[in-house]
Each structure stands twice: as structure tokens, then as C-alpha cells.
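Content type compact mmCIF, C-alpha atoms, from the file model.txt:
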# COMPACT_ATOMS: atom_id res chain seq x y z
CA MET A 40 16.66 30.54 -3.54
CA LEU A 41 15.70 27.01 -2.47
CA ASN A 42 18.35 24.74 -1.02
CA GLU A 43 19.31 21.61 -2.94
CA VAL A 44 17.70 18.60 -1.26
CA ASN A 45 20.14 15.79 -0.50
CA VAL A 46 18.43 12.42 -0.99
CA VAL A 47 19.49 8.99 0.25
CA LEU A 48 17.85 5.88 -1.20
CA VAL A 49 17.66 2.83 1.08
CA GLY A 50 17.00 -0.28 -1.01
CA LEU A 51 18.35 -0.27 -4.57
CA GLY A 52 16.72 -3.46 -5.85
CA GLY A 53 13.07 -4.27 -6.40
CA TYR A 54 10.86 -1.20 -6.15
CA GLY A 55 13.95 0.83 -5.31
CA GLU A 56 14.74 0.72 -9.02
CA PHE A 57 11.73 2.96 -9.67
CA TYR A 58 13.22 5.59 -7.36
CA THR A 59 16.66 5.20 -8.91
CA ASP A 60 15.20 5.74 -12.39
CA GLU A 61 13.37 8.88 -11.33
CA LEU A 62 16.22 10.37 -9.32
CA MET A 63 18.90 9.74 -11.92
CA ALA A 64 16.74 11.29 -14.64
CA GLY A 65 14.96 14.11 -12.82
CA ALA A 66 16.46 14.96 -9.44
CA GLY A 67 18.23 18.06 -10.75
CA ALA A 68 15.09 19.45 -12.33
CA HIS A 69 13.34 19.15 -8.96
CA GLY A 70 16.11 20.72 -6.91
CA ALA A 71 17.49 17.49 -5.51
CA ARG A 72 20.58 15.31 -5.63
CA LEU A 73 21.01 11.60 -4.95
CA VAL A 74 23.95 11.68 -2.53
CA ALA A 75 24.06 7.98 -1.60
CA GLY A 76 22.48 4.58 -1.89
CA VAL A 77 22.12 2.04 0.91
CA ASP A 78 21.96 -1.69 0.20
CA PRO A 79 23.87 -4.70 1.56
CA SER A 80 23.80 -6.31 -1.91
CA PRO A 81 23.79 -3.43 -4.41
CA GLN A 82 25.00 -5.63 -7.28
CA ARG A 83 21.48 -7.03 -7.56
CA SER A 84 20.23 -3.69 -8.83
CA THR A 85 20.14 -3.21 -12.58
CA HIS A 86 21.36 0.35 -11.91
CA TYR A 87 24.48 -0.67 -10.02
CA GLN A 88 26.89 0.20 -12.83
CA THR A 89 25.07 3.46 -13.54
CA LEU A 90 25.34 4.51 -9.90
CA GLN A 91 29.02 3.65 -9.84
CA ALA A 92 29.65 5.62 -13.03
CA ALA A 93 27.85 8.60 -11.48
CA LYS A 94 30.09 8.24 -8.40
CA VAL A 95 27.12 7.79 -6.06
CA PRO A 96 28.53 6.13 -2.93
CA ILE A 97 26.75 3.01 -1.69
CA TYR A 98 26.74 1.91 1.95
CA PRO A 99 25.73 -1.50 3.34
CA SER A 100 23.53 0.02 6.05
CA LEU A 101 21.87 3.31 6.93
CA GLU A 102 23.87 3.42 10.17
CA GLN A 103 27.12 3.34 8.18
CA PHE A 104 25.86 6.08 5.89
CA TYR A 105 25.26 8.39 8.86
CA GLN A 106 28.65 7.46 10.33
CA ALA A 107 30.24 8.79 7.13
CA GLY A 108 28.90 12.25 7.96
CA LEU A 109 27.20 12.97 4.62
CA PRO A 110 24.08 15.19 4.51
CA ALA A 111 20.65 13.59 4.25
CA ASP A 112 17.64 15.90 3.98
CA LEU A 113 15.33 13.16 2.74
CA VAL A 114 15.72 9.40 3.22
CA ILE A 115 13.68 7.15 0.93
CA ILE A 116 13.00 3.72 2.45
CA SER A 117 12.16 1.01 -0.07
CA VAL A 118 12.88 -2.23 1.78
CA ALA A 119 11.13 -5.11 3.55
CA ILE A 120 7.99 -4.30 5.55
CA HIS A 121 9.49 -5.27 8.91
CA LEU A 122 12.32 -2.75 8.37
CA HIS A 123 10.07 0.26 7.75
CA ALA A 124 9.68 1.24 11.40
CA PRO A 125 13.29 0.86 12.61
CA LEU A 126 14.79 2.59 9.57
CA THR A 127 12.23 5.41 9.67
CA CYS A 128 12.92 5.99 13.35
CA LEU A 129 16.69 5.96 12.72
CA ALA A 130 16.44 8.51 9.90
CA LEU A 131 14.23 10.79 11.98
CA SER A 132 16.61 10.59 14.93
CA LYS A 133 19.41 11.83 12.64
CA GLY A 134 17.37 14.83 11.50
CA SER A 135 16.21 13.54 8.10
CA HIS A 136 12.73 13.68 6.61
CA VAL A 137 11.42 10.30 5.38
CA LEU A 138 9.53 8.95 2.38
CA CYS A 139 8.74 5.35 3.33
CA GLU A 140 7.21 2.92 0.88
CA LYS A 141 3.85 1.30 1.57
CA PRO A 142 2.59 -0.31 3.67
CA LEU A 143 3.31 1.73 6.78
CA CYS A 144 4.34 -1.25 8.96
CA ALA A 145 2.84 -4.43 10.44
CA SER A 146 1.93 -3.71 14.07
CA ILE A 147 0.27 -1.14 16.30
CA GLU A 148 3.47 -0.89 18.33
CA ASP A 149 5.43 0.12 15.22
CA ILE A 150 2.80 2.72 14.30
CA GLN A 151 3.24 4.21 17.78
CA LYS A 152 7.03 4.18 17.53
CA MET A 153 7.02 5.86 14.13
CA ALA A 154 4.51 8.52 15.19
CA GLU A 155 6.46 9.32 18.36
CA ALA A 156 9.77 9.49 16.48
CA GLU A 157 8.22 11.87 13.94
CA ARG A 158 6.86 14.08 16.73
CA GLN A 159 10.18 14.25 18.54
CA ALA A 160 12.20 14.93 15.39
CA GLY A 161 9.95 17.67 14.05
CA LYS A 162 10.39 16.17 10.58
CA PHE A 163 7.80 14.59 8.27
CA VAL A 164 7.14 10.99 7.30
CA ALA A 165 5.41 10.50 3.95
CA ILE A 166 4.10 7.04 3.00
CA GLY A 167 4.37 6.01 -0.64
CA TYR A 168 0.75 5.34 -1.57
CA GLN A 169 1.16 7.03 -4.94
CA TRP A 170 -2.51 7.56 -5.77
CA SER A 171 -2.89 9.80 -2.71
CA TYR A 172 -0.50 12.33 -4.28
CA THR A 173 -2.25 12.56 -7.66
CA SER A 174 -4.50 15.30 -9.00
CA ALA A 175 -7.24 12.76 -9.81
CA VAL A 176 -7.54 11.41 -6.27
CA GLN A 177 -7.11 14.84 -4.70
CA ALA A 178 -9.89 16.32 -6.87
CA LEU A 179 -12.18 13.40 -6.04
CA LYS A 180 -11.46 13.75 -2.33
CA GLN A 181 -12.19 17.47 -2.44
CA ASP A 182 -15.58 16.76 -4.00
CA ILE A 183 -16.30 14.12 -1.35
CA LEU A 184 -15.35 16.52 1.46
CA SER A 185 -17.41 19.36 -0.02
CA GLY A 186 -20.49 17.14 -0.43
CA VAL A 187 -20.71 17.34 -4.22
CA LEU A 188 -21.27 13.58 -4.46
CA GLY A 189 -23.51 13.35 -1.40
CA ARG A 190 -22.99 11.07 1.59
CA PRO A 191 -20.78 8.03 0.90
CA LYS A 192 -22.68 4.77 1.26
CA ARG A 193 -20.58 1.84 -0.01
CA MET A 194 -17.10 1.62 -1.54
CA LYS A 195 -15.68 -1.57 -3.00
CA THR A 196 -12.65 -2.78 -4.96
CA ILE A 197 -11.55 -6.08 -6.49
CA VAL A 198 -7.93 -6.76 -7.51
CA LEU A 199 -6.95 -10.24 -8.66
CA TRP A 200 -3.28 -10.26 -9.61
CA PRO A 201 -1.54 -13.62 -10.28
CA ARG A 202 1.85 -14.06 -8.66
CA THR A 203 4.20 -16.90 -9.55
CA ALA A 204 6.54 -19.07 -7.51
CA SER A 205 9.46 -16.74 -8.26
CA TYR A 206 7.52 -13.89 -6.64
CA TYR A 207 7.43 -15.81 -3.39
CA ARG A 208 11.06 -16.89 -3.72
CA ARG A 209 12.40 -13.39 -4.40
CA ASN A 210 13.25 -12.73 -0.74
CA ALA A 211 13.08 -14.32 2.72
CA TRP A 212 9.90 -12.52 3.85
CA ALA A 213 7.47 -12.88 0.91
CA GLY A 214 4.27 -14.56 2.06
CA ARG A 215 5.45 -14.59 5.68
CA ILE A 216 3.55 -13.62 8.83
CA LYS A 217 6.76 -13.18 10.83
CA THR A 218 10.43 -13.35 9.97
CA ASP A 219 12.63 -16.09 11.39
CA GLU A 220 13.65 -13.53 14.03
CA GLY A 221 10.03 -13.00 15.08
CA GLU A 222 9.47 -9.62 13.43
CA TRP A 223 5.96 -8.96 12.11
CA VAL A 224 5.69 -8.81 8.31
CA LEU A 225 2.12 -9.89 7.44
CA ASP A 226 3.06 -9.95 3.76
CA SER A 227 -0.01 -10.72 1.64
CA PRO A 228 -1.88 -9.37 -1.38
CA ALA A 229 -3.70 -6.89 0.85
CA HIS A 230 -0.56 -5.78 2.68
CA ASN A 231 1.74 -5.39 -0.28
CA ALA A 232 0.83 -5.51 -3.98
CA THR A 233 -2.79 -4.35 -3.62
CA ALA A 234 -2.48 -2.41 -0.36
CA HIS A 235 -2.91 0.75 -2.45
CA ASP A 236 -6.47 -0.15 -3.36
CA LEU A 237 -7.62 -0.76 0.21
CA HIS A 238 -5.84 2.35 1.43
CA ASN A 239 -7.38 4.47 -1.33
CA ILE A 240 -10.91 3.78 -0.10
CA LEU A 241 -10.03 4.68 3.48
CA TYR A 242 -8.08 7.74 2.37
CA LEU A 243 -10.93 9.09 0.27
CA LEU A 244 -13.25 8.69 3.26
CA GLY A 245 -10.94 10.63 5.60
CA GLU A 246 -12.39 13.76 7.18
CA THR A 247 -9.42 15.92 6.11
CA ILE A 248 -6.99 15.98 3.20
CA GLU A 249 -4.27 14.41 5.38
CA SER A 250 -6.36 11.69 7.06
CA SER A 251 -8.13 8.40 6.34
CA ALA A 252 -11.28 6.89 7.80
CA TRP A 253 -10.95 4.47 10.71
CA PRO A 254 -12.43 0.98 10.21
CA LEU A 255 -14.61 0.31 13.26
CA GLN A 256 -15.79 -3.25 12.53
CA LEU A 257 -14.27 -5.84 10.20
CA GLN A 258 -15.06 -9.36 9.00
CA SER A 259 -12.76 -11.35 6.73
CA GLU A 260 -12.18 -14.56 4.81
CA CYS A 261 -8.55 -15.61 4.28
CA TYR A 262 -7.47 -18.46 1.96
CA ARG A 263 -4.23 -20.04 0.77
CA ALA A 264 -3.21 -22.06 -2.30
CA ASN A 265 0.55 -21.42 -2.38
CA PRO A 266 2.94 -23.15 0.07
CA THR A 267 3.31 -19.92 2.07
CA GLU A 268 2.81 -19.01 5.70
CA ASN A 269 0.26 -16.26 5.09
CA TYR A 270 -2.88 -16.14 2.96
CA ASP A 271 -2.78 -15.41 -0.78
CA ALA A 272 -6.48 -14.54 -1.13
CA ILE A 273 -8.66 -12.35 1.07
CA ALA A 274 -12.16 -10.91 1.07
CA LEU A 275 -13.13 -8.46 3.78
CA ARG A 276 -15.95 -6.17 4.77
CA CYS A 277 -15.60 -3.34 7.23
CA ARG A 278 -17.64 -0.41 8.40
CA THR A 279 -16.01 2.90 9.14
CA GLU A 280 -16.74 5.07 12.16
CA SER A 281 -19.19 7.05 10.01
CA GLY A 282 -21.00 3.87 8.91
CA VAL A 283 -19.72 3.51 5.34
CA GLU A 284 -19.51 -0.09 4.12
CA VAL A 285 -16.15 -1.08 2.60
CA LEU A 286 -15.73 -4.29 0.57
CA PHE A 287 -12.34 -5.50 -0.63
CA TYR A 288 -11.40 -8.62 -2.63
CA SER A 289 -7.76 -9.41 -3.42
CA ALA A 290 -5.87 -12.54 -4.49
CA HIS A 291 -2.63 -13.79 -6.04
CA SER A 292 -3.76 -17.41 -6.46
CA VAL A 293 -5.75 -16.76 -9.64
CA PRO A 294 -5.03 -17.67 -13.29
CA GLU A 295 -5.81 -14.26 -14.84
CA THR A 296 -5.47 -10.58 -13.99
CA ILE A 297 -8.60 -8.67 -13.03
CA GLY A 298 -8.60 -5.07 -11.88
CA PRO A 299 -8.26 -3.04 -9.99
CA LEU A 300 -11.95 -2.40 -10.49
CA LEU A 301 -13.63 0.00 -8.12
CA HIS A 302 -17.18 1.13 -7.48
CA TYR A 303 -17.80 3.95 -5.01
CA GLU A 304 -21.46 4.66 -4.18
CA PHE A 305 -22.66 8.02 -2.90
CA GLU A 306 -26.11 9.53 -2.42
CA ASN A 307 -25.84 11.63 -5.59
CA ALA A 308 -23.42 9.66 -7.77
CA VAL A 309 -21.43 6.50 -8.41
CA VAL A 310 -17.69 6.73 -9.10
CA GLY A 311 -16.13 3.94 -11.17
CA TYR A 312 -12.67 3.04 -12.38
CA ARG A 313 -11.21 0.18 -14.40
CA SER A 314 -7.44 -0.10 -14.61
CA GLY A 315 -6.05 0.34 -18.10
CA PRO A 316 -4.49 2.85 -20.51
CA GLY A 317 -6.52 6.02 -20.72
CA GLU A 318 -8.99 4.97 -18.01
CA SER A 319 -10.17 7.56 -15.50
CA PHE A 320 -12.08 7.95 -12.28
CA VAL A 321 -15.54 8.89 -13.57
CA ALA A 322 -18.51 10.05 -11.51
CA HIS A 323 -21.96 9.22 -12.89
CA PHE A 324 -24.49 11.50 -11.21
CA ARG A 325 -28.11 10.52 -10.71
CA ASN A 326 -29.21 13.54 -12.76
CA GLY A 327 -27.39 12.14 -15.81
CA HIS A 328 -24.30 14.33 -15.54
CA THR A 329 -20.84 12.73 -15.69
CA HIS A 330 -17.50 14.06 -14.51
CA SER A 331 -14.02 12.65 -15.16
CA TYR A 332 -11.31 13.14 -12.54
CA GLY A 333 -8.57 11.68 -14.74
CA ASP A 334 -6.23 8.72 -14.45
CA PRO A 335 -3.95 8.67 -11.39
CA ASP A 336 -1.42 6.21 -12.82
CA PRO A 337 0.61 8.65 -14.99
CA GLU A 338 1.34 10.72 -11.87
CA HIS A 339 3.07 7.82 -10.12
CA PRO A 340 6.27 9.88 -9.38
CA ASN A 341 4.34 12.69 -7.65
CA LYS A 342 5.00 11.19 -4.22
CA LEU A 343 8.75 11.60 -4.75
CA TRP A 344 8.73 15.13 -6.14
CA GLN A 345 6.21 16.34 -3.55
CA ALA A 346 8.34 14.92 -0.73
CA ILE A 347 11.40 16.71 -2.10
CA ALA A 348 9.47 19.98 -2.41
CA ALA A 349 8.14 19.62 1.14
CA VAL A 350 11.67 19.54 2.58
CA ASN A 351 12.04 23.19 1.54
CA SER A 352 8.43 24.36 1.85
CA GLY A 353 7.63 22.80 5.21
CA ALA A 354 4.39 21.34 3.83
CA ARG A 355 2.91 18.27 5.47
CA PRO A 356 2.64 15.16 3.27
CA LEU A 357 -0.76 14.35 1.82
CA CYS A 358 -0.31 10.78 3.05
CA GLY A 359 1.58 10.46 6.30
CA ILE A 360 1.54 8.05 9.23
CA ARG A 361 -1.99 8.96 10.35
CA ALA A 362 -3.40 8.49 6.84
CA ALA A 363 -1.65 5.13 6.30
CA ALA A 364 -2.41 3.63 9.73
CA PRO A 365 -6.05 2.54 9.07
CA GLN A 366 -4.93 0.15 6.33
CA VAL A 367 -2.60 -1.54 8.85
CA LEU A 368 -5.51 -1.88 11.30
CA CYS A 369 -7.56 -3.60 8.58
CA ILE A 370 -4.77 -6.13 7.99
CA LEU A 371 -4.30 -6.84 11.69
CA SER A 372 -8.06 -7.20 12.15
CA ALA A 373 -8.36 -9.57 9.19
CA HIS A 374 -6.01 -11.95 11.00
CA ARG A 375 -8.06 -11.61 14.19
CA SER A 376 -11.36 -12.20 12.40
CA SER A 377 -10.43 -15.20 10.26
CA ASN A 378 -8.18 -18.21 10.36
CA ILE A 379 -6.31 -18.98 7.14
CA VAL A 380 -8.22 -21.68 5.26
CA PRO A 381 -6.18 -23.82 2.82
CA PHE A 382 -8.04 -24.48 -0.41
CA PRO A 383 -9.13 -28.11 -0.85
CA THR A 384 -6.47 -30.14 -2.67
CA GLU A 385 -8.71 -30.73 -5.67
CA MET A 386 -9.07 -26.94 -6.19
CA VAL A 387 -5.33 -26.22 -6.30
CA LYS A 388 -3.79 -26.16 -9.78
CA VAL A 389 -0.20 -25.58 -10.89
CA THR A 390 0.51 -24.14 -14.32
CA ASP A 391 3.97 -24.41 -15.89
CA LEU A 392 4.94 -21.19 -17.61
CA ALA A 393 7.11 -20.69 -20.69
CA ASP A 394 9.94 -19.07 -18.72
CA GLY A 395 10.24 -22.06 -16.40
CA ASP A 396 8.28 -20.41 -13.61
CA THR A 397 5.07 -21.85 -12.16
CA LEU A 398 1.74 -20.37 -11.11
CA THR A 399 -0.28 -21.93 -8.30
CA TRP A 400 -3.96 -21.03 -8.35
CA ALA A 401 -7.34 -22.13 -7.01
CA ALA A 402 -10.07 -23.19 -9.41
CA GLY A 403 -13.31 -21.39 -8.57
CA LEU A 404 -11.69 -18.61 -6.54
CA GLU A 405 -12.01 -16.03 -9.30
CA GLU A 406 -15.72 -16.81 -9.72
CA ALA A 407 -16.40 -16.67 -5.97
CA PHE A 408 -14.65 -13.34 -5.49
CA THR A 409 -16.14 -11.79 -8.63
CA ARG A 410 -19.66 -12.82 -7.67
CA GLY A 411 -19.14 -11.54 -4.16
CA TYR A 412 -17.94 -8.20 -5.51
CA GLU A 413 -20.89 -7.93 -7.87
CA GLY A 414 -23.38 -8.83 -5.12
CA ASN A 415 -21.83 -6.71 -2.38
CA ILE A 416 -21.33 -9.70 -0.09
CA LEU A 417 -18.53 -11.94 1.15
CA PRO A 418 -17.97 -15.16 -0.84
CA SER A 419 -19.23 -17.35 2.03
CA GLU A 420 -22.54 -15.47 1.97
CA LEU A 421 -23.20 -16.62 -1.59
CA GLY A 422 -24.01 -20.02 -0.13
CA VAL A 423 -22.77 -21.98 -3.17
CA PHE A 424 -19.06 -22.49 -2.47
CA PRO A 425 -18.60 -25.14 0.23
CA TRP A 426 -14.92 -24.28 0.80
CA THR A 427 -15.65 -20.72 1.96
CA ARG A 428 -15.33 -19.80 5.63
CA SER A 429 -16.05 -16.43 7.23
CA GLY A 430 -14.77 -15.34 10.60
CA PRO A 431 -16.62 -13.32 13.28
CA ILE A 432 -16.87 -9.55 13.23
CA TYR A 433 -13.93 -7.90 14.97
CA ASN A 434 -14.36 -4.54 16.73
CA LEU A 435 -11.42 -2.15 16.33
CA SER A 436 -12.43 0.58 18.79
CA LEU A 437 -9.68 -0.21 21.33
CA ASP A 438 -7.03 -0.43 18.59
CA ILE A 439 -8.12 2.93 17.19
CA GLU A 440 -7.84 4.56 20.61
CA ARG A 441 -4.28 3.25 21.01
CA ILE A 442 -3.22 4.99 17.80
CA LYS A 443 -5.26 8.17 18.21
CA ASN A 444 -3.32 8.91 21.40
CA TYR A 445 -0.31 9.48 19.13

With the file now loaded, output its structure as C-alpha cells.
Amino acid sequence: MLNEVNVVLVGLGGYGEFYTDELMAGAGAHGARLVAGVDPSPQRSTHYQTLQAAKVPIYPSLEQFYQAGLPADLVIISVAIHLHAPLTCLALSKGSHVLCEKPLCASIEDIQKMAEAERQAGKFVAIGYQWSYTSAVQALKQDILSGVLGRPKRMKTIVLWPRTASYYRRNAWAGRIKTDEGEWVLDSPAHNATAHDLHNILYLLGETIESSAWPLQLQSECYRANPTENYDAIALRCRTESGVEVLFYSAHSVPETIGPLLHYEFENAVVGYRSGPGESFVAHFRNGHTHSYGDPDPEHPNKLWQAIAAVNSGARPLCGIRAAAPQVLCILSAHRSSNIVPFPTEMVKVTDLADGDTLTWAAGLEEAFTRGYEGNILPSELGVFPWTRSGPIYNLSLDIERIKNY
């Protein structure tokens, strides 16, 4: 008989509410129990009263939870990016497995610390890129690994998701490069809301089920319309160690939602996906055959249930530290390749919304990114948008070696 898995949730607000929903409704059916929550301000969670009624104790810090002596087989970390590494390392040092939300972290040093802590603890760290745990993505990756689609040639994604002023005001680290204390955050569209879509390309190109491809060279364009420290729009191109071209376009400073749209080119087929109800990853083969892999979105909770099952089975997570690290290298390299370019004043628009919020966006950005995506080039290479600026190509070989040693 399998042991009941004792789960601790760190971070009850924001995305932590997704985990609270799932655990309160389905933990028992998956052989688990939510034994505690951790949050310095739990009243902000819409589930606060529900947790109290269920007599789930809540602690202001993970350290205080462990001091109480309660069991913790699996710790879920759903907090600010700069806290991922220290909290993961703490949980591992106390003998707990970890499911940490994306992105992995914001520095090579933190990747090294997390990997070393995992090795010493003999426990697993799963990273919450939910598509990686779905049957659709796993079936597609199996076909890529087995050569059904032929050699990968180019993979690209565009995700334009508007974010309002309240999004940037929701905490002290949104849109920041570093915290006031000097901790790396690198919060941006590519390192938070749409990090999934960049990671998914690299994950699918990984040489094993549990790995992602390493980006060897990267060139980026970073822009800003909002009054934030970091960029709110980015276009990048990288080439992996095996020579596959990766193109990624992501922005919050746009007036309308587009995507994610993806287009993955292989020798024998093209795989496409357009976000929406009932949409699927579909391969169109050059011989006229089509194959649907399904929609990954309905299997969003898989990452949670698979992590719980792995505590008892000893299975390694489909997406761990090694699989999530290449996305972090892309983000770090984007900063090294390109300075952040503020949009010209005349391009920046502010729209008042019905709920009293505001949306800051850049006129012409959507067109530039869409045309770049369609033409397989960076916006600056279109030659028709005078505000565009591209940085030099950055080589990641030394960075990759630093991580591979772990």
C-alpha cells in the first residue's frame, strides 16, 4: 500500500490559488494530504477561510513550518522568482521533495546551488512547466526523438499578452531586474507569463525525455513601454547546439491578445498550434498525412499529480532542473545581447479600462513582431521600423559548461 504524501504549499496567493484549488478538491484521490500552508500574508488568498475551516495550519515562513516538526514529503513553491532557489534548497536540506513553479531561477549561480542541493539530498526537484507533463507534449517529443518527423529545422512561437498597470503593481518584484536587496529577478514576459512557450521549444528539442536543448548562440531585441525596470517586449533568435533555429516573440505592451501561436518545422512535417478551446498540436506531413497530438491545456494539473506519485514511485520528474535551465540561459543571454530600448514617446499609448485600470502599449509593436514571426526574422531585420535595435550575437558555450558540471 502506498504511503499518504504530505504536501506543504508555499505561497497561497496568486498562482498558489491554483494549487490550493486542486489540493483541496483532489488530494485524497491522489493519495495526498495538504498538511500546511506557508505565507506571511495568507489573508490575501481567496481560500483563506476555506483553509481555516479545514484546519490546515498556516505558517509565516517555511523555516517556521519545519520548526513545528510536521511531516513534509513534497513542498510546492509558488512564490517570487528570487525565492525559488533559497526555498528549494531549504526544503531539500530538510528531506523534502520539491515542485517549484516556473521559471527555475534567475542566475547561473542559483542553478548550481539548486542542482547541488538536489544531489546532496537525494530528492527530486520538479519545475512547474505544465505542458512538459502532458500526454500531447510527451507524444510529440517521442515522435521527435524517434525521427518520425525528421530532423528539426526551425521552431518559432509568438505570444502577445497585454498586461495592465495593476499587473505590475501586484507585488514589489514585477517588472524588476533585481530586488531592492540586490537579488536577481529578471521578471519579464519571457521569464514569467510566457516562459512556458520558450521552454517548450527547448524541451521538445532535448535529446532525452528529461532534458532540453542548450542554446549555443543568441541574439535579442528588448523594448519597454511601461514605467518598469525590465523590458516588456522581446524578440530573440538562438541556435541550439545541434543547429536548430529558435525564434521567440513575446510582449505585454500590446493592445490585443495574440497566441500562443507556434510553428515547428521538421524535414518531414510541420507542427502547428493555435491557443484556444479544442485546439491541438497537429503535424502536417509532406506526404499529405496529418496527425493530432491533442491539446495540452486540459492536463494543466498533471505536474502536481505526477509529482505526488513520484514521491512514492521514485520516478524522476519529466521536467527537472536540467530541463528548465536552458530557458534561464536564454533570458540571461538576452540581457547580454541587447540593451533595453524605450519605445519613442509618440509610440506609447495609455488606454483607460472600464474597471479603472490602465493599459500601456506601443503602437506598431504588434505589427513588427507579427511580421517578424511570419518572415522568420527579428523585427530590426525587416528594415521598416526605425525604432528597432538588435544586439550582437552572444555565445553561451562557457555558460553551458558551468551548468553541465552539475

Closest of A:Ala407, A:Gly315, A:Ala178, A:Trp170 to His330 in chain A - atom-to-atom distances counting all atoms listed in the file:
A:Ala178

May I ask which of the residues A:Phe163, A:Tyr58, A:Tyr168, A:Phe424 is the closest one to Ile115 in chain A, counting all atoms listed in the file?
A:Tyr58

If you measure from CA of Asn434 in chain A to CA of Ala119 in chain A, what distance in Å do you get, rounded to one decimal?
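Straight-line distance from CA of Asn434 in chain A to CA of Ala119 in chain A works out to 28.7 Å.
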
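Close contacts of Asp394 in chain A, defined as residues with an atom at most 12 Å away when counting only C-alpha atoms, with chain neighbours fewer than 4 positions off set aside, comprise Thr203, Ala204, Ser205, Thr390 and Leu398 of chain A.
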
Just to confirm, what's the straight-line distance from CA of Leu138 in chain A to CA of Arg208 in chain A in Å (one decimal)?
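A separation of 26.6 Å between them.
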
Interatomic distance between CA of Pro81 in chain A and CA of Leu113 in chain A?
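It comes out at 19.9 Å.
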
Save range 317-384 of chain A from what I just supplied, as a short mmCIF file (atom, residue, chain, number, x, y, z; two decimals), in the first residue's frame, atoms limited to C-alpha atoms.
data_model
loop_
_atom_site.label_atom_id
_atom_site.label_comp_id
_atom_site.auth_asym_id
_atom_site.auth_seq_id
_atom_site.Cartn_x
_atom_site.Cartn_y
_atom_site.Cartn_z
CA GLY A 317 -10.41 22.44 -28.66
CA GLU A 318 -7.15 23.33 -30.42
CA SER A 319 -4.44 20.68 -30.71
CA PHE A 320 -0.84 20.19 -31.69
CA VAL A 321 -1.20 18.97 -35.28
CA ALA A 322 1.54 17.61 -37.53
CA HIS A 323 1.11 18.15 -41.27
CA PHE A 324 3.37 15.71 -43.09
CA ARG A 325 4.78 16.41 -46.53
CA ASN A 326 3.07 13.28 -47.88
CA GLY A 327 -0.34 14.79 -47.02
CA HIS A 328 -0.90 12.85 -43.80
CA THR A 329 -1.92 14.71 -40.63
CA HIS A 330 -1.65 13.65 -37.01
CA SER A 331 -3.16 15.32 -33.94
CA TYR A 332 -1.33 15.07 -30.61
CA GLY A 333 -4.16 16.72 -28.66
CA ASP A 334 -4.45 19.85 -26.56
CA PRO A 335 -2.09 20.11 -23.57
CA ASP A 336 -4.10 22.74 -21.70
CA PRO A 337 -6.74 20.44 -20.11
CA GLU A 338 -3.93 18.47 -18.45
CA HIS A 339 -2.66 21.51 -16.56
CA PRO A 340 -2.79 19.72 -13.13
CA ASN A 341 -0.65 16.79 -14.31
CA LYS A 342 2.51 18.37 -12.91
CA LEU A 343 1.03 18.26 -9.41
CA TRP A 344 -0.34 14.71 -9.51
CA GLN A 345 2.80 13.34 -11.18
CA ALA A 346 4.99 14.96 -8.51
CA ILE A 347 2.86 13.39 -5.77
CA ALA A 348 3.03 9.98 -7.45
CA ALA A 349 6.81 10.28 -7.85
CA VAL A 350 7.29 10.65 -4.08
CA ASN A 351 6.16 7.02 -3.71
CA SER A 352 7.38 5.58 -7.02
CA GLY A 353 10.85 7.12 -7.05
CA ALA A 354 10.36 8.31 -10.64
CA ARG A 355 12.36 11.27 -11.87
CA PRO A 356 10.33 14.32 -12.95
CA LEU A 357 9.80 14.86 -16.66
CA CYS A 358 10.91 18.46 -16.18
CA GLY A 359 13.56 18.97 -13.55
CA ILE A 360 16.42 21.41 -13.02
CA ARG A 361 18.40 20.23 -16.06
CA ALA A 362 15.39 20.56 -18.36
CA ALA A 363 14.45 24.03 -17.08
CA ALA A 364 17.97 25.51 -17.04
CA PRO A 365 18.28 26.31 -20.80
CA GLN A 366 15.36 28.75 -20.61
CA VAL A 367 17.20 30.64 -17.85
CA LEU A 368 20.32 30.78 -20.05
CA CYS A 369 18.24 32.31 -22.86
CA ILE A 370 16.97 35.04 -20.52
CA LEU A 371 20.43 35.82 -19.17
CA SER A 372 21.85 35.90 -22.70
CA ALA A 373 19.09 38.21 -23.94
CA HIS A 374 20.25 40.78 -21.39
CA ARG A 375 23.85 40.32 -22.52
CA SER A 376 22.98 40.63 -26.20
CA SER A 377 20.70 43.67 -26.09
CA ASN A 378 20.24 46.85 -24.14
CA ILE A 379 16.65 47.72 -23.22
CA VAL A 380 15.35 50.24 -25.76
CA PRO A 381 12.48 52.51 -24.59
CA PHE A 382 9.85 52.98 -27.27
CA PRO A 383 9.73 56.51 -28.71
CA THR A 384 7.31 58.72 -26.77
#
